[in-house]
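Asker: Structure supplied as data_34.cif; contents: mmCIF, C-alpha atoms and all ligand atoms.
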```cif
data_work
loop_
_atom_site.label_atom_id
_atom_site.label_comp_id
_atom_site.auth_asym_id
_atom_site.auth_seq_id
_atom_site.Cartn_x
_atom_site.Cartn_y
_atom_site.Cartn_z
CA MET A 6 -10.78 -5.20 7.77
CA GLY A 7 -7.83 -3.56 5.91
CA GLU A 8 -8.48 0.04 6.79
CA ILE A 9 -5.50 1.26 8.74
CA LEU A 10 -2.45 2.09 6.71
CA GLU A 11 -0.36 4.74 5.11
CA LYS A 12 2.78 4.29 3.11
CA THR A 13 6.08 5.13 4.66
CA GLY A 14 8.36 3.61 2.10
CA CYS A 15 8.43 1.32 -0.87
CA SER A 16 11.07 0.85 -3.50
CA ASP A 17 11.83 -1.48 -6.33
CA GLU A 18 14.11 -3.34 -4.03
CA GLU A 19 13.86 -4.73 -0.53
CA THR A 20 10.74 -4.83 1.59
CA THR A 21 11.66 -2.73 4.58
CA ALA A 22 9.36 -2.14 7.55
CA GLY A 23 6.55 0.32 7.05
CA SER A 24 3.15 0.55 5.48
CA TYR A 25 2.56 0.65 1.77
CA PHE A 26 -1.21 0.47 1.40
CA VAL A 27 -3.01 3.85 1.42
CA SER A 28 -6.44 3.40 2.95
CA ASN A 29 -7.56 6.94 3.68
CA TYR A 30 -6.70 10.61 3.50
CA PRO A 31 -5.76 12.87 5.31
CA PRO A 32 -3.38 10.60 7.24
CA TYR A 33 -4.55 9.18 10.57
CA SER A 34 -1.88 11.08 12.44
CA PHE A 35 -3.92 14.24 11.70
CA TRP A 36 -7.00 12.87 13.42
CA ASN A 37 -7.31 14.00 17.02
CA ARG A 38 -9.29 13.74 20.22
CA GLU A 39 -10.31 17.40 20.17
CA ALA A 40 -12.30 16.79 16.98
CA ALA A 41 -14.31 13.95 18.60
CA ALA A 42 -17.00 16.54 19.43
CA ASP A 43 -17.41 17.12 15.66
CA ALA A 44 -18.35 13.48 15.28
CA GLN A 45 -20.99 13.70 17.97
CA ALA A 46 -22.35 16.86 16.27
CA VAL A 47 -22.72 15.35 12.78
CA LEU A 48 -24.75 12.50 14.19
CA ASN A 49 -27.34 15.03 15.25
CA ARG A 50 -27.78 16.51 11.76
CA PRO A 51 -30.16 15.14 9.11
CA PRO A 52 -28.35 13.37 6.24
CA ALA A 53 -27.43 14.77 2.85
CA ILE A 54 -30.19 13.48 0.59
CA ASP A 55 -28.15 11.40 -1.85
CA SER A 56 -25.68 9.88 0.58
CA PRO A 57 -25.83 6.07 0.87
CA LEU A 58 -25.35 4.48 4.29
CA GLY A 59 -23.24 1.43 5.12
CA VAL A 60 -22.45 -0.54 8.27
CA TYR A 61 -19.09 -2.13 9.08
CA ILE A 62 -18.83 -4.48 12.07
CA HIS A 63 -15.40 -5.40 13.38
CA ILE A 64 -15.12 -8.87 14.92
CA PRO A 65 -11.70 -8.63 16.57
CA PHE A 66 -11.11 -12.30 17.40
CA CYS A 67 -8.69 -14.72 15.70
CA ARG A 68 -7.39 -18.21 16.46
CA LYS A 69 -3.77 -17.06 16.08
CA ARG A 70 -2.08 -13.80 15.23
CA CYS A 71 -0.53 -13.95 11.74
CA HIS A 72 3.03 -12.66 11.73
CA PHE A 73 2.19 -9.90 9.23
CA CYS A 74 -1.04 -8.78 10.91
CA TYR A 75 -1.47 -5.14 11.89
CA PHE A 76 -5.15 -5.21 12.82
CA LYS A 77 -6.79 -4.86 16.21
CA VAL A 78 -7.27 -8.54 17.10
CA TYR A 79 -7.42 -10.68 20.23
CA THR A 80 -6.50 -14.36 20.44
CA ASP A 81 -7.24 -14.80 24.13
CA LYS A 82 -10.90 -13.86 24.67
CA ASN A 83 -13.27 -16.42 26.18
CA ALA A 84 -16.92 -17.03 25.34
CA ASP A 85 -18.17 -14.59 28.01
CA GLU A 86 -16.00 -11.83 26.60
CA VAL A 87 -17.25 -12.52 23.09
CA GLU A 88 -20.82 -12.29 24.39
CA ARG A 89 -20.01 -9.02 26.12
CA TYR A 90 -18.58 -7.66 22.88
CA ILE A 91 -21.68 -8.67 20.92
CA ASP A 92 -23.86 -6.91 23.50
CA ALA A 93 -21.71 -3.78 23.11
CA ALA A 94 -21.90 -3.83 19.30
CA ILE A 95 -25.70 -4.19 19.41
CA GLN A 96 -25.93 -1.32 21.91
CA GLU A 97 -23.74 0.73 19.63
CA ILE A 98 -25.89 0.27 16.53
CA GLU A 99 -29.00 1.01 18.62
CA LEU A 100 -27.46 4.32 19.69
CA TYR A 101 -26.68 5.20 16.07
CA ALA A 102 -30.14 4.18 14.88
CA ALA A 103 -31.72 6.73 17.21
CA LYS A 104 -29.68 9.66 15.84
CA PRO A 105 -30.99 12.21 13.31
CA PHE A 106 -28.21 11.53 10.75
CA ILE A 107 -29.94 8.23 9.86
CA GLY A 108 -32.87 10.19 8.45
CA GLY A 109 -34.88 7.06 7.66
CA ARG A 110 -32.07 5.53 5.59
CA LYS A 111 -31.46 1.79 5.56
CA PRO A 112 -28.00 0.35 4.91
CA SER A 113 -27.02 -0.07 1.25
CA PHE A 114 -24.13 -2.29 2.29
CA VAL A 115 -23.02 -4.24 5.35
CA TYR A 116 -19.54 -5.61 5.95
CA PHE A 117 -18.45 -8.18 8.56
CA GLY A 118 -14.69 -7.73 8.90
CA GLY A 119 -12.00 -8.50 11.40
CA GLY A 120 -10.20 -10.17 12.88
CA THR A 121 -12.13 -13.24 11.90
CA PRO A 122 -15.91 -12.92 11.76
CA SER A 123 -16.17 -16.68 11.19
CA TYR A 124 -14.33 -17.33 14.49
CA ILE A 125 -17.44 -16.79 16.60
CA SER A 126 -20.18 -19.42 16.84
CA SER A 127 -23.26 -19.66 14.62
CA LYS A 128 -25.40 -18.77 17.63
CA GLN A 129 -23.32 -15.69 18.42
CA LEU A 130 -23.34 -14.58 14.79
CA THR A 131 -27.07 -14.97 14.55
CA ARG A 132 -27.64 -13.03 17.78
CA LEU A 133 -25.34 -10.26 16.58
CA ALA A 134 -26.95 -10.01 13.13
CA GLU A 135 -30.47 -10.06 14.55
CA GLY A 136 -29.58 -7.24 16.93
CA MET A 137 -28.08 -5.23 14.09
CA LYS A 138 -31.10 -5.81 11.85
CA ARG A 139 -33.54 -4.84 14.60
CA ALA A 140 -31.79 -1.47 14.82
CA LEU A 141 -31.17 -0.94 11.10
CA PRO A 142 -32.86 -3.49 8.81
CA TRP A 143 -30.80 -4.76 5.86
CA ASP A 144 -33.70 -5.53 3.56
CA GLN A 145 -32.50 -2.91 1.08
CA ALA A 146 -28.80 -3.78 1.27
CA GLN A 147 -27.31 -4.48 -2.15
CA GLU A 148 -24.27 -6.16 -0.62
CA VAL A 149 -23.61 -7.98 2.66
CA ALA A 150 -20.00 -9.18 2.82
CA PHE A 151 -18.40 -11.54 5.31
CA GLU A 152 -14.73 -12.47 5.86
CA CYS A 153 -13.92 -16.13 6.64
CA GLU A 154 -10.86 -17.99 7.83
CA PRO A 155 -11.05 -21.48 6.26
CA GLY A 156 -10.11 -23.36 9.43
CA THR A 157 -13.02 -21.91 11.42
CA ILE A 158 -15.69 -23.20 9.06
CA THR A 159 -18.09 -26.11 9.31
CA GLU A 160 -20.91 -26.71 6.87
CA GLY A 161 -23.42 -25.82 9.60
CA LYS A 162 -21.70 -22.54 10.37
CA LEU A 163 -21.46 -21.63 6.72
CA GLN A 164 -25.18 -22.25 6.30
CA ALA A 165 -25.83 -20.03 9.35
CA ILE A 166 -23.66 -17.33 7.74
CA LYS A 167 -25.56 -17.59 4.47
CA ASP A 168 -28.83 -17.34 6.40
CA LEU A 169 -27.76 -13.93 7.71
CA GLY A 170 -28.30 -12.67 4.17
CA ILE A 171 -24.65 -12.66 3.13
CA THR A 172 -24.10 -11.95 -0.58
CA ARG A 173 -20.30 -12.22 -0.67
CA ILE A 174 -18.14 -14.51 1.36
CA SER A 175 -14.44 -13.77 1.31
CA LEU A 176 -12.12 -16.67 2.05
CA GLY A 177 -8.76 -15.66 3.51
CA ILE A 178 -6.75 -18.37 1.81
CA GLU A 179 -3.60 -16.25 1.19
CA ASN A 180 -1.53 -19.26 0.06
CA PHE A 181 -2.05 -22.96 -0.62
CA ASP A 182 1.22 -24.30 0.78
CA ASP A 183 1.28 -25.61 4.37
CA GLU A 184 4.90 -24.66 5.03
CA ILE A 185 4.29 -21.11 3.85
CA LEU A 186 1.06 -20.83 5.83
CA LYS A 187 2.90 -22.02 8.96
CA ALA A 188 5.91 -19.76 8.38
CA ASN A 189 3.59 -16.76 8.29
CA GLY A 190 1.63 -17.76 11.39
CA ARG A 191 -1.65 -18.51 9.59
CA ALA A 192 -4.04 -20.66 11.62
CA HIS A 193 -5.40 -22.71 8.69
CA LEU A 194 -3.80 -25.44 6.58
CA SER A 195 -4.29 -26.32 2.94
CA ARG A 196 -6.65 -29.25 3.59
CA GLU A 197 -9.16 -26.83 5.12
CA ILE A 198 -9.23 -24.69 1.99
CA ASP A 199 -10.91 -27.15 -0.38
CA ARG A 200 -13.33 -28.30 2.31
CA CYS A 201 -14.39 -24.73 3.06
CA TYR A 202 -14.64 -23.78 -0.62
CA ASP A 203 -16.73 -26.87 -1.46
CA PHE A 204 -19.14 -26.09 1.39
CA ALA A 205 -19.46 -22.50 0.21
CA ARG A 206 -20.16 -23.63 -3.37
CA SER A 207 -22.70 -26.25 -2.39
CA ILE A 208 -24.53 -23.83 -0.09
CA GLY A 209 -24.89 -21.41 -3.00
CA PHE A 210 -23.29 -18.08 -2.05
CA GLN A 211 -23.86 -15.44 -4.70
CA GLN A 212 -20.22 -14.36 -4.71
CA ILE A 213 -17.22 -16.24 -3.37
CA ASN A 214 -14.04 -14.21 -3.14
CA ILE A 215 -10.57 -15.67 -2.62
CA ASP A 216 -7.89 -13.58 -0.92
CA LEU A 217 -4.24 -14.17 -1.82
CA ILE A 218 -1.04 -12.45 -0.67
CA ALA A 219 1.89 -12.19 -3.07
CA GLY A 220 5.28 -12.48 -1.39
CA MET A 221 4.63 -14.22 1.93
CA VAL A 222 7.66 -15.50 3.83
CA GLY A 223 8.95 -18.57 2.00
CA GLU A 224 7.17 -17.82 -1.29
CA THR A 225 8.82 -19.07 -4.50
CA PRO A 226 7.97 -18.43 -8.16
CA GLU A 227 6.91 -22.07 -8.59
CA ASN A 228 4.67 -22.05 -5.56
CA TRP A 229 3.10 -18.71 -6.53
CA LYS A 230 2.26 -20.12 -9.97
CA GLU A 231 0.66 -23.08 -8.26
CA CYS A 232 -1.38 -20.75 -6.02
CA VAL A 233 -2.63 -18.89 -9.08
CA ARG A 234 -3.38 -22.15 -10.91
CA ARG A 235 -5.37 -23.55 -7.99
CA THR A 236 -7.27 -20.30 -7.50
CA ILE A 237 -8.35 -20.20 -11.14
CA ALA A 238 -9.26 -23.91 -11.03
CA MET A 239 -11.62 -23.18 -8.11
CA SER A 240 -13.35 -20.57 -10.27
CA PRO A 241 -14.38 -18.03 -7.62
CA GLU A 242 -16.44 -15.03 -8.70
CA SER A 243 -13.63 -12.72 -7.62
CA VAL A 244 -10.06 -12.75 -6.36
CA THR A 245 -8.21 -10.16 -4.31
CA VAL A 246 -4.41 -10.13 -4.37
CA TYR A 247 -2.39 -8.00 -1.97
CA GLN A 248 1.35 -7.46 -1.90
CA MET A 249 2.99 -8.47 1.36
CA GLU A 250 4.03 -5.54 3.53
CA VAL A 251 5.49 -5.44 7.02
CA PRO A 252 3.98 -2.60 9.06
CA TYR A 253 5.67 -1.56 12.30
CA ASN A 254 3.20 -3.11 14.72
CA THR A 255 3.49 -6.68 13.38
CA THR A 256 5.10 -9.72 14.99
CA MET A 257 7.42 -9.89 11.99
CA PHE A 258 8.67 -6.37 12.57
CA LYS A 259 9.26 -7.09 16.25
CA GLU A 260 11.38 -10.10 15.27
CA MET A 261 13.29 -8.02 12.75
CA LYS A 262 14.09 -5.55 15.53
CA VAL A 263 15.39 -8.30 17.82
CA PHE A 264 17.79 -9.44 15.10
CA GLY A 265 18.67 -5.90 14.03
CA ALA A 266 17.32 -6.56 10.53
CA SER A 267 16.08 -3.62 8.47
CA VAL A 268 14.86 -5.77 5.57
CA ALA A 269 11.97 -8.22 5.93
CA PRO A 270 12.56 -11.83 4.81
CA VAL A 271 10.16 -11.50 1.89
CA ALA A 272 10.45 -10.84 -1.84
CA THR A 273 11.40 -7.41 -3.20
CA TRP A 274 8.67 -5.00 -4.30
CA LYS A 275 9.63 -5.59 -7.92
CA THR A 276 9.22 -9.35 -7.54
CA LYS A 277 5.87 -8.94 -5.78
CA ARG A 278 4.62 -6.74 -8.59
CA GLU A 279 5.75 -9.33 -11.12
CA TRP A 280 3.88 -12.00 -9.20
CA VAL A 281 0.68 -9.97 -9.10
CA ALA A 282 1.13 -9.14 -12.80
CA TYR A 283 1.44 -12.87 -13.50
CA ALA A 284 -1.66 -13.63 -11.43
CA PHE A 285 -3.72 -10.97 -13.19
CA SER A 286 -2.56 -12.04 -16.62
CA GLU A 287 -3.40 -15.71 -15.93
CA MET A 288 -6.79 -14.66 -14.60
CA GLU A 289 -7.43 -12.56 -17.70
CA LYS A 290 -6.63 -15.59 -19.85
CA ALA A 291 -9.25 -17.46 -17.82
CA GLY A 292 -11.84 -14.75 -18.55
CA TYR A 293 -11.48 -12.53 -15.46
CA THR A 294 -11.37 -8.73 -15.63
CA VAL A 295 -8.97 -6.72 -13.49
CA GLY A 296 -11.11 -4.16 -11.66
CA SER A 297 -8.61 -2.47 -9.36
CA ALA A 298 -5.02 -2.70 -8.16
CA TYR A 299 -6.04 -5.68 -6.02
CA THR A 300 -9.07 -7.37 -7.61
CA ALA A 301 -10.07 -9.51 -10.56
CA VAL A 302 -13.69 -10.49 -11.20
CA LYS A 303 -15.23 -13.13 -13.40
CA ASP A 304 -18.23 -11.10 -14.50
CA PRO A 305 -17.98 -7.34 -13.95
CA ALA A 306 -21.68 -6.90 -14.75
CA LYS A 307 -22.69 -9.14 -11.85
CA THR A 308 -19.81 -8.98 -9.39
CA LYS A 309 -19.38 -5.72 -7.52
CA PHE A 310 -17.49 -4.42 -4.53
CA LEU A 311 -20.05 -1.86 -3.41
CA TYR A 312 -18.52 -1.39 0.02
CA ARG A 313 -15.31 -0.21 -1.64
CA ASP A 314 -16.91 1.82 -4.40
CA MET A 315 -19.40 3.62 -2.17
CA LEU A 316 -16.80 4.42 0.48
CA TRP A 317 -14.38 5.72 -2.11
CA ALA A 318 -17.11 8.01 -3.41
CA GLY A 319 -17.77 9.49 0.05
CA ALA A 320 -20.68 7.34 1.39
CA ASP A 321 -21.59 7.41 5.07
CA MET A 322 -20.47 4.38 7.03
CA ILE A 323 -21.09 3.44 10.65
CA GLY A 324 -18.12 1.44 11.99
CA LEU A 325 -19.19 -0.77 14.90
CA GLY A 326 -16.74 -2.32 17.35
CA VAL A 327 -13.40 -1.69 18.95
CA ALA A 328 -11.08 0.60 16.93
CA SER A 329 -13.57 0.74 14.03
CA PHE A 330 -13.58 3.62 11.56
CA SER A 331 -16.68 5.60 10.62
CA HIS A 332 -17.39 8.31 8.09
CA ILE A 333 -20.52 10.38 8.55
CA GLN A 334 -21.40 13.48 6.53
CA GLY A 335 -17.83 14.47 5.90
CA THR A 336 -16.42 13.69 9.35
CA HIS A 337 -14.14 10.68 9.88
CA PHE A 338 -13.81 9.12 13.30
CA GLN A 339 -12.44 6.07 15.05
CA ASN A 340 -13.80 4.19 18.06
CA ASP A 341 -12.00 3.56 21.30
CA THR A 342 -9.13 1.17 20.58
CA GLU A 343 -9.22 -0.88 23.81
CA PHE A 344 -11.58 -3.81 24.38
CA ASP A 345 -12.62 -3.02 27.95
CA SER A 346 -13.06 0.69 27.54
CA TYR A 347 -15.02 0.16 24.30
CA CYS A 348 -17.39 -2.29 26.01
CA ASN A 349 -17.65 -0.12 29.17
CA ALA A 350 -18.48 2.99 27.15
CA MET A 351 -21.31 1.19 25.45
CA SER A 352 -22.86 0.12 28.73
CA THR A 353 -23.03 3.79 29.78
CA GLY A 354 -24.84 4.68 26.56
CA GLU A 355 -21.98 6.77 25.13
CA LEU A 356 -20.73 6.41 21.57
CA PRO A 357 -17.04 5.55 22.07
CA VAL A 358 -15.42 8.07 19.70
CA TYR A 359 -11.67 8.18 20.27
CA ARG A 360 -10.37 10.54 17.55
CA ALA A 361 -11.81 12.33 14.53
CA LEU A 362 -11.15 14.64 11.63
CA THR A 363 -13.41 16.81 9.49
CA PRO A 364 -11.48 17.37 6.26
CA SER A 365 -11.79 20.54 4.23
CA ASN A 366 -13.57 20.39 0.89
CA GLU A 367 -10.20 20.25 -0.87
CA GLU A 368 -9.02 17.37 1.34
CA ARG A 369 -12.25 15.48 0.62
CA MET A 370 -11.70 15.96 -3.10
CA ILE A 371 -8.11 14.68 -2.82
CA ARG A 372 -9.28 11.71 -0.75
CA GLU A 373 -11.73 10.59 -3.41
CA PHE A 374 -9.24 11.31 -6.19
CA ILE A 375 -6.47 9.12 -4.76
CA LEU A 376 -8.78 6.32 -3.64
CA GLN A 377 -10.44 6.18 -7.06
CA MET A 378 -7.01 5.97 -8.67
CA LYS A 379 -6.72 2.52 -7.11
CA LEU A 380 -9.45 1.43 -9.53
CA GLY A 381 -7.07 2.18 -12.38
CA ARG A 382 -9.24 4.91 -13.84
CA VAL A 383 -10.61 8.26 -12.74
CA ARG A 384 -13.44 10.14 -14.41
CA ARG A 385 -12.77 13.83 -14.95
CA ALA A 386 -16.49 14.69 -15.06
CA TYR A 387 -17.06 13.20 -11.58
CA PHE A 388 -14.77 15.79 -10.00
CA GLN A 389 -16.10 18.60 -12.14
CA GLU A 390 -19.67 17.83 -11.13
CA LYS A 391 -19.07 17.08 -7.46
CA TYR A 392 -16.31 19.55 -6.57
CA GLY A 393 -16.13 21.98 -9.50
CA VAL A 394 -12.50 20.92 -9.97
CA ASP A 395 -10.80 20.07 -13.24
CA ILE A 396 -8.38 17.35 -12.13
CA HIS A 397 -6.30 17.80 -15.30
CA GLN A 398 -5.55 21.39 -14.32
CA ARG A 399 -5.42 20.91 -10.56
CA PHE A 400 -2.86 18.07 -10.80
CA ALA A 401 -1.30 18.96 -14.16
CA ASP A 402 2.36 18.72 -13.11
CA ASP A 403 2.12 15.43 -11.25
CA LEU A 404 -0.04 13.85 -13.93
CA ALA A 405 2.48 14.89 -16.58
CA VAL A 406 5.28 13.18 -14.62
CA LEU A 407 3.29 9.97 -14.14
CA GLN A 408 2.29 9.99 -17.79
CA GLN A 409 5.89 10.45 -18.86
CA GLN A 410 6.93 7.55 -16.61
CA GLY A 411 4.33 5.35 -18.31
CA HIS A 412 2.17 4.89 -15.20
CA LEU A 413 -0.96 6.44 -16.66
CA THR A 414 -2.52 8.07 -19.69
CA VAL A 415 -4.40 11.36 -19.52
CA THR A 416 -7.38 11.60 -21.89
CA ASP A 417 -10.22 14.10 -22.23
CA GLU A 418 -12.44 11.80 -20.17
CA GLY A 419 -9.99 11.27 -17.34
CA LEU A 420 -7.09 9.06 -16.27
CA GLN A 421 -6.27 5.49 -17.17
CA TYR A 422 -3.50 3.67 -15.31
CA SER A 423 -1.19 1.26 -17.13
CA ARG A 424 -0.89 -2.21 -15.56
CA ASP A 425 2.59 -1.32 -14.35
CA GLY A 426 1.27 1.89 -12.77
CA LEU A 427 -1.71 0.12 -11.24
CA LEU A 428 0.46 -2.49 -9.54
CA GLN A 429 2.38 0.22 -7.69
CA VAL A 430 -0.44 2.71 -7.36
CA ASP A 431 -0.13 3.06 -3.58
CA SER A 432 3.42 4.31 -3.95
CA LEU A 433 2.30 6.93 -6.51
CA LEU A 434 -0.42 8.59 -4.46
CA HIS A 435 1.56 10.65 -1.95
CA ARG A 436 2.52 13.25 -4.54
CA PHE A 437 -1.18 14.28 -4.62
CA PHE A 438 -1.33 14.91 -0.86
CA LEU A 439 -1.27 18.51 0.34
CA PRO A 440 2.31 19.49 1.28
CA ARG A 441 1.61 19.37 5.02
CA HIS A 442 0.55 15.70 4.73
CA GLN A 443 3.33 14.45 2.51
CA ALA A 444 6.07 13.57 4.96
CA VAL A 445 3.91 11.83 7.52
CA GLY A 446 4.50 8.23 8.53
CA ALA A 447 1.95 5.78 9.89
CA LYS A 448 0.91 6.00 13.53
S1 LIG B 1 -6.58 -13.82 10.34
FE1 LIG B 1 -4.47 -13.14 10.64
S2 LIG B 1 -4.27 -11.31 9.30
FE2 LIG B 1 -6.47 -11.70 9.55
S3 LIG B 1 -7.03 -10.41 11.26
FE3 LIG B 1 -6.58 -12.45 12.12
S4 LIG B 1 -4.44 -12.35 12.74
FE4 LIG B 1 -4.84 -10.63 11.37
#
```
Mind converting the file's structure to structure tokens?
Answerer:
Amino acid sequence: MGEILEKTGCSDEETTAGSYFVSNYPPYSFWNREAAADAQAVLNRPPAIDSPLGVYIHIPFCRKRCHFCYFKVYTDKNADEVERYIDAAIQEIELYAAKPFIGGRKPSFVYFGGGTPSYISSKQLTRLAEGMKRALPWDQAQEVAFECEPGTITEGKLQAIKDLGITRISLGIENFDDEILKANGRAHLSREIDRCYDFARSIGFQQINIDLIAGMVGETPENWKECVRRTIAMSPESVTVYQMEVPYNTTMFKEMKVFGASVAPVATWKTKREWVAYAFSEMEKAGYTVGSAYTAVKDPAKTKFLYRDMLWAGADMIGLGVASFSHIQGTHFQNDTEFDSYCNAMSTGELPVYRALTPSNEERMIREFILQMKLGRVRRAYFQEKYGVDIHQRFADDLAVLQQQGHLTVTDEGLQYSRDGLLQVDSLLHRFFLPRHQAVGAK
């Protein structure tokens, strides 16, 4: 998943509690229940002609809750409850498919996120995917991505996943060391990593992605180097590397509170940046290209992250499932955040919108501007053509400061982040928020 956070604080020094990663704008605390009617209204309007459509499905089940996890997940649901949830998700996509905003469009991208999509059985996955395809066929999708936890995988299940039409499988490896995996509450162990990767290779997925986290509890420079070495040796098509953060609603934060600790037991922000810089530089030596603050790809011509790129350029996306986020024709909304009420709403035929926001044109422009900065480059012409805004003029003062600090270079064509700037990009984005959004923490 990875869609829920706003920064509240990050420095060169300790990792204190709070969210670093900026996933959307305006901040979620400005979304509200009153605007839910806006969401229902946009669904009844025909689509803007050039707007691609995507589908995200949230599978909120995991074997264990990782200590750093801030997502909506359940570790206690039985098979009947999983079946009930699948029924609800299928009903939800059927409701969407009947609305005028679809306008005959088929999904350009589909994303299975969580939680752990690979937690549920092959039979359940197949039933879910078939229901989704009946409502909105994927035959024109350029990308169908699926998140996997290595310990939930068998060769049979991986084949069933591939048979859904998955183009990218993302393996949540995070670290290769058993003690570190255990200390962070991960459910899988290192022996499951190679087994899962070998299955995925032999089955022939188009794109295998490996997820790593720099700065987990117990991480050391030697072990991080070994994680990077092993990742490169596996030769995945792409790698994503996130820097460990400790949002307020995590198990780790709750433990910190019990012990009165304000600083999380993980590396400083400076160290985490150095570790990601090391990882990226080793990957570049091995022929990878750094494509954003968090990704390196082996072949940029072949390996894309369309879900990310289309969303960051304002595509429509239906978010299915409990607490999922959608964006339709300029209105953002989130589903009901409780399992039972989400499932109950679906059985009454109501779309379970919990809160929403329709940003102004200026807010939409800022949203795309800051999200595209995470790619390390922003095209000036894009904003001129789409919004009639010259970003060099509109953000002149802030860009001059960031340029002077060495975080980016301003050219006629646009902006280019330095590696140092890119590795702390999330902490540099708040200055571009409108003043009323700048001092807001995560909720
Ligand atoms: S695998 Fe861990 S981090 Fe991922 S959603 Fe489940 S509990 Fe959260």
Asker: Please provide the set of residues having any atom within 9 Å of Ser56 of chain A, restricted to all atoms listed in the file, with same-chain residues fewer than 3 positions apart removed, written as a ChimeraX atom specification.
Answerer: /A:52-53,319-321,334
Asker: For Asp431 of chain A, work out the shell of residues within 7 Å, counting all atoms listed in the file and skipping chain neighbours fewer than 6 positions away, then give it as a PyMOL selection string.
Answerer: chain A and resi 25-27
Asker: Return the single residue from A:Tyr283, A:Phe73, A:Phe117, A:Trp36 that is closest to Pro270 of chain A, with distances computed using all atoms listed in the file.
Answerer: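 Using all atoms listed in the file, the shortest distance to Pro270 of chain A belongs to A:Phe73.
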Asker: Compare A:Asp199, A:Glu19, A:Asp55, A:Asp92 by their minimum atom-to-atom distance to Ala238 of chain A, counting all atoms listed in the file, and give me the closest one.
Answerer: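 Using all atoms listed in the file, Ala238 of chain A sits closest to A:Asp199.
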Asker: What does the list of residues within 8 Å of ligand LIG 1 (chain B) look like if you count all atoms listed in the file, written as a list in words?
Answerer: Met6, Pro65, Phe66, Cys67, Arg68, Lys69, Arg70, Cys71, His72, Phe73, Cys74, Tyr75, Phe76, Lys77, Val78, Gly119, Gly120, Thr121, Glu154, Gly177, Gly190, Arg191 and Ala192 of chain A
Asker: May I have the protein, DNA and RNA residues with an atom at most 7 Å from (-34.7, -2.3, 17.7), counting only C-alpha atoms in the file's coordinates, returned as a ChimeraX atom specification?
Answerer: /A:99,139-140
Asker: Name the closest residue to Pro364 of chain A among the candidates A:Cys232, A:Leu217, A:Ala44, A:Val415; distances are taken between atoms, counting only C-alpha atoms.
Answerer: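 Closest candidate: A:Ala44.
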Asker: Within 12 Å of (12.8, -4.5, 7.3), in the coordinates the file gives, what residues turn up when you count all atoms listed in the file, written out as a ChimeraX atom specification?
Answerer: /A:14-15,18-24,250-253,255,257-273
Asker: Would you kindly return, as an MDAnalysis selection string, each protein, DNA or RNA residue with an atom no farther than 10 Å from any atom of Gln408 of chain A, considering all atoms listed in the file and excluding same-chain residues fewer than 6 positions away?
Answerer: chainID A and resid 402 414:415 420:423 426
Asker: Quick one: pull the distance between atom CA of Arg278 of chain A and atom CA of Leu428 of chain A, Å, one decimal.
Answerer: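 Between atom CA of Arg278 of chain A and atom CA of Leu428 of chain A the gap is 6.0 Å.
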Asker: Excluding Ile198 of chain A and any residue of its chain fewer than 2 positions from it, enumerate the residues within 8 Å of it, using only C-alpha atoms, and give them as a list in words.
Answerer: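 Once the nearby chain positions are removed, what remains is Pro155, Gly156, Ile178, Phe181, His193, Leu194, Ser195, Arg196, Arg200, Cys201 and Tyr202 of chain A.
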Asker: Just checking: using all atoms listed in the file, which residue out of A:Ala284, A:Ile107, A:Leu356, A:Ile375 ends up closest to Glu231 of chain A?
Answerer: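 Of A:Ala284, A:Ile107, A:Leu356, A:Ile375, the one nearest Glu231 of chain A, counting all atoms listed in the file, is A:Ala284.
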Asker: Using atom CA of Glu184 of chain A and atom CA of Asp216 of chain A as the two end points, give the distance in Å to one decimal.
Answerer: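 Result for atom CA of Glu184 of chain A versus atom CA of Asp216 of chain A: 17.9 Å, one decimal.
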Asker: Considering only C-alpha atoms, state which residue in the set A:Val246, A:Gln443, A:Met378, A:Phe338 is at the smallest distance from Ala40 of chain A.
Answerer: A:Phe338
Asker: What's around Val281 of chain A at 9 Å? Count only C-alpha atoms, leave out sequence neighbours fewer than 5 positions away in its own chain, and write the answer as a PyMOL selection string.
Answerer: chain A and resi 218-219+246-248+276+286+299+428
Asker: Go ahead and save the residues from that selection, with C-alpha atoms, as a short mmCIF file (atom, residue, chain, number, x, y, z; two decimals), in the coordinates of the input.
Answerer:
```
data_model
loop_
_atom_site.label_atom_id
_atom_site.label_comp_id
_atom_site.auth_asym_id
_atom_site.auth_seq_id
_atom_site.Cartn_x
_atom_site.Cartn_y
_atom_site.Cartn_z
CA ILE A 218 -1.04 -12.45 -0.67
CA ALA A 219 1.89 -12.19 -3.07
CA VAL A 246 -4.41 -10.13 -4.37
CA TYR A 247 -2.39 -8.00 -1.97
CA GLN A 248 1.35 -7.46 -1.90
CA THR A 276 9.22 -9.35 -7.54
CA SER A 286 -2.56 -12.04 -16.62
CA TYR A 299 -6.04 -5.68 -6.02
CA LEU A 428 0.46 -2.49 -9.54
#
```
Asker: Using only C-alpha atoms, find the one residue out of A:Glu343, A:Glu390, A:Glu373, A:Glu242 that sits nearest to Phe437 of chain A.
Answerer: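 Residue with the minimum atom-to-atom distance to Phe437 of chain A: A:Glu373.
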